[in-house]
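What follows is a set of notes on a single structure, which appears directly below.
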Amino acid sequence: MSHFERKKLLDRQPYTSREHMDYVYGVEQSSSCLAKYHRNTGPCGDNPNCFEGFVINNLSLGDVDDILKKKIGEDPQKMLKSEQKYVGIKNLGATCYMGSLIQTLYFNKVFRAGMYRWQKPKDNMELDGKEEICVQLQNIFTNLQKGDAKHFNPELFAKSCNIKTASQEDAQEFFKLLITFLEEGQGMQELIKSLFQGEYLRQTECLECGNKTNQKDEFYELDLNIENKTNLSDCIAEHFNEETLSGYACDKCSKKDANAKRTLSVLKFPPVLNVQLLRFVYDVGTKNKKKLFHKLAFEKTLDASKYSAFTPSAAAPATNDTSSMSTDDKESGSDGSGVEEAHKTVRTTNPNKVLYDLTAVLCHIGYSAYGGHYIAYIYDTTEESWYKFNDSDVTRCLLHNPFENDEHEYMLIYKKRDYLKREMAIAEPEPPPELVENVKKANSELAEAAKIYNEKKENEEMLIREINRMVSEIERNLACNITEKQYNWISLEWLRKWFSSKNKSDVGEINNEDLVCEHKKLKLDLAIMRRIRPEAWESLVNLYTGGPTLTQDDMCPQCTLEEFESYKSQNDEERRKELIRNKVETMSSRSTVPHEYFISESWYKAWEGSSLTAKLPGDPIFDLLCPHNQLRPEASKKGVNGEVWRYFIEKYPLEPNRKEITKDTQPCRECLEIVNRNKELDKDEKARRANEARTFEALGRRPQSWNIPPGSYYLVSMIWKGEWDKYVELTSNPHPGPLDNTHLLCRHKKLIVNVKDNFDLSRGNTPHNILDEATWRKLVQVYGIANPETTIVYTVDNYQAPSCSVDYCKVCEREISLSKTESMLHFNAKSIKISERGRSYPIQTEIHNVSSSTTLYNLKLMIMERMDIPLDSIWLFKDDDPLLDDALTLKDYKIKPDDVLEYTKVIDGNEDFVVTPELSKLLELDAGFEKPKEEGFTGTNLMGDRTKKPNQANNVHSNMSIMDNFSTLHEPSAFSREDTLGDFETMGGHHTQRRESDMDDDRTEVGDMQEDSSDNNGQWTCKACTFINDDEEARVCEICNSAR
């Protein structure tokens, strides 16, 4: 049976029959209705059998992990170190320097044992902030040694130190402060000295009399200048170079300006040698610190014998202070673990070899001295392999030299070979019992959490698998055939959610409430429901619950009846409207068909193109009546017969006091007389205006500059000319008024357009036209002129440059240009184009949703997400100028949407890092940009109360003169341990600690230079940063602004 035959059959049956309801509810529609046309847009809205476009969202392994994480939390198994041999230290934001340094200290068994032996003072039952540092350091070491977690959280240690976890600090400075804090404040002096302290022998020989004086200095690390150096040996050699002194005050020959030489050697080698590489240097030109990017070659075995004071090549010790040279080191108390053996530093009168083995390397990653990332490489002596400590991640290095190209060595830790052998032989030190119990408890809790999680995970995975199996089965049995008589109805909104959700167990219960009509039956709205098989419904209800259940028996007869009545009424009305339309068109096309009434032409067109429920403009004759409520002359009307008229009046009644307009209705006499009179006047006015148009036809011509003969010409505003064009074209348009050129003048009474440079009027974009003198005078005679001062004369001469009676305003030109630029700098949700700098054929990439208020930093974030470039590697340029301040907005940089920015990748991880000339320039500019004030560790508990002022002594050791050394200044935060505390001296590219008692002995060697700190040329040396200032009258240093 065809669809047409089926519809005819339904028309003969009651509207509430089952056949009618199946028809109205779309039960008989095909399940593949035009499926290929809406596969990408989802199922069609009016077919309850259509499931096209629905694609089941199957789970991947990653989806299962996400679902489990959402339901039962993070997997504790991932927090276990499992295959990872060592425990990492969590980065709290910018504390990588702290974690890396603590790892290197942990791998020193002797230091670790000393920390374990530390106890709080017995007379102080409550810990103060400083003692808490030691407790938390013990806690860190215990967790690194006994913990099962992948990483340890050092939050309490950072809190006890009062360290700002979001601020990147210097690893070398942290090491010096921590070691000094433990030595001076916590009674660990013997431990620190026995491990890290060495002794210098500083010998000064007067070249006039040969007298030699010796002094002994302590040091805890070597601060080496690496600028213009390629290997570690050259750096150390420079550190121990012989220095020539002038102006030396010799005690023996009593000369105050004698020449002398000074040598530096090592009297005592420390078991642990910390080599600090001064990679961050102070740039005097930019007044900021910068990073040195070059790689430095260093030996894994360091022979320090040639720097020993006891080698044959060293000068023999003089008699001064010899008693202090032979003093043996004190040994720490024994705890039965053999640690005291490793403390001993055996010195012989003439050692053969002093060998150090490399055990740790601290590296800095990044292009800036003001940020970056620290990691540590530590040598595992038991496995004879290197391990990389990168915050929480600890990985075993497979390469013999694991240091990568983008990692710059910053600190080297060597251990004396005989000490290293003894350290390897001793047993692992045992932490305090109470800390071990805490770690064991944490390990048990973590293991229990992992066990509970695994049980939950198995249950959840089993549930997910079962749900996925049922989902696949439901999907296969979901859609109904047309012939099936038993079925259920389900919400399309819930079904969409079920199909699209990856986690089928988290869809929620079925909600069919929106499918119920006011008669408590199935609502007649095919766009919100779908028809499914009963077995699929049962499976879904068992899985998700919900309801109510709606079957084939719940289709609403009342809604069906109302739908059919509305449909029938609408069809009848549409058929009647079509009949009326045909009648009207027939009367319009055939002049012989009589018409009795008139309706508005515009109203009929609106009715013809509208729907049955649309609102029309008034009644059918709304614009046919004049103000006198009679037929308006020349009204646009359409004739209709009586049947059509009655149809319109029935549906759209006339307003009160209005009468129908028939074929016998006469136009309003008053209005007709006015129209006739206006026609006569309009005829005369049209002729007069046409004559004016012919007279002044020159106003319509726009001559080219090369076609203008010599003479005087007058400017006419195109605004006035536009009003004049309207006036001569239609008589209904008003008079243009007198000539007015005020639009060509600015507030300064000058021209807004440069007539001399823009006189080619043929382009049609100028705000003026020109007339010859005769036409101008006639124009003024006819129309007059509003203000004679606005008369503008342009003179063309064959022998001279053209001139104008009114000057061009350059002030307004600048204002207009700035206004246009300013308006272009205000934009929102636009796109900025960027291209890679230096490419022959650059490809432009668009960065979307950019506004003028977007900061440069946020733009870099967008570029990072769009192009997968590391944030710190992005440098942007505008017209070859680098953009350096990330805090400024695009408006501040005057960047417009049509501008193309260039970018360059400073560091490419896939290539060897090379500092190109352009990069050197960029880094120099970046260093010159004003950086925020660095507070360092000021205010932390590591600093303590320091009241001692820096001792400004003369240079200890250098191959340059003392005054020359003042021009070599390195990065302040990379000073030696004593520098950080306040007792420091600058040593021409390296820094060495000195005992304060020894400094007093040496101040006389430089005479009055130290006290006066000025020379005969009017220069003076800053005591804070040792910079030589040229301005003798200046009271503050040019570099550091310190008071003189």
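Labels used: A, B, ... for chains in the order of the structure tokens, numbers from 1 for residues in each chain, and numbers from 1 for ligands as shown.
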Could you pull the residues within 7 Å of Glu221 of chain A, counting only C-alpha atoms, minus those fewer than 3 positions along the same chain, as a PDB file with N, CA, C and O atoms, in the first residue's frame?
ATOM      1  N   LEU A 273      85.964  18.672  47.691  1.00  0.00           N
ATOM      2  CA  LEU A 273      86.302  19.936  47.030  1.00  0.00           C
ATOM      3  C   LEU A 273      85.099  20.387  46.192  1.00  0.00           C
ATOM      4  O   LEU A 273      84.726  19.729  45.217  1.00  0.00           O
ATOM      5  N   ASN A 274      84.509  21.501  46.592  1.00  0.00           N
ATOM      6  CA  ASN A 274      83.378  22.070  45.849  1.00  0.00           C
ATOM      7  C   ASN A 274      83.895  23.164  44.923  1.00  0.00           C
ATOM      8  O   ASN A 274      84.443  24.175  45.389  1.00  0.00           O
ATOM      9  N   VAL A 275      83.739  22.937  43.648  1.00  0.00           N
ATOM     10  CA  VAL A 275      84.197  23.881  42.627  1.00  0.00           C
ATOM     11  C   VAL A 275      82.981  24.649  42.117  1.00  0.00           C
ATOM     12  O   VAL A 275      82.089  24.077  41.486  1.00  0.00           O
ATOM     13  N   GLN A 276      82.948  25.961  42.406  1.00  0.00           N
ATOM     14  CA  GLN A 276      81.854  26.807  41.968  1.00  0.00           C
ATOM     15  C   GLN A 276      82.271  27.519  40.682  1.00  0.00           C
ATOM     16  O   GLN A 276      83.248  28.280  40.680  1.00  0.00           O
TER      17      GLN A 276
END
Run DSSP on the backbone of this structure and report the residues of segment 559-629 of chain A it assigns to strand (DSSP E or B), as a list in words.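 Secondary structure check on segment 559-629 of chain A, strand (DSSP E or B): Tyr597, Phe598, Ile599, Ser600 and Leu625 of chain A.
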Minimum-distance residue to Glu243 of chain A, chosen among A:Gln203, A:Thr791, A:Gln215, A:Ser392 (using only C-alpha atoms): A:Gln203
May I have the residues within 12 Å of Leu901 of chain A as an NGL selection string, using only C-alpha atoms and disregarding those fewer than 2 positions away in the same chain? :A and (831-837 or 842-847 or 856 or 859-860 or 863 or 874-883 or 890 or 893-899 or 903-904)
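Note that atom CA of Cys397 of chain A and atom CA of Ala376 of chain A are 11.9 Å apart.
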Using only C-alpha atoms, can you tell me which of A:Lys820, A:Glu460, A:Gln172, A:Ile528 comes closest to Leu492 of chain A? A:Ile528
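If only C-alpha atoms are the atoms counted, then among A:Glu813, A:Glu902, A:Glu430, A:Glu660 the closest residue to Gln138 of chain A is A:Glu430.
The protein and nucleic acid residues lying at most 9 Å from Tyr544 of chain A are Ser505, Val507, Gly508, Glu509 and Ile510 of chain A, with only C-alpha atoms considered and sequence neighbours fewer than 6 positions away removed.
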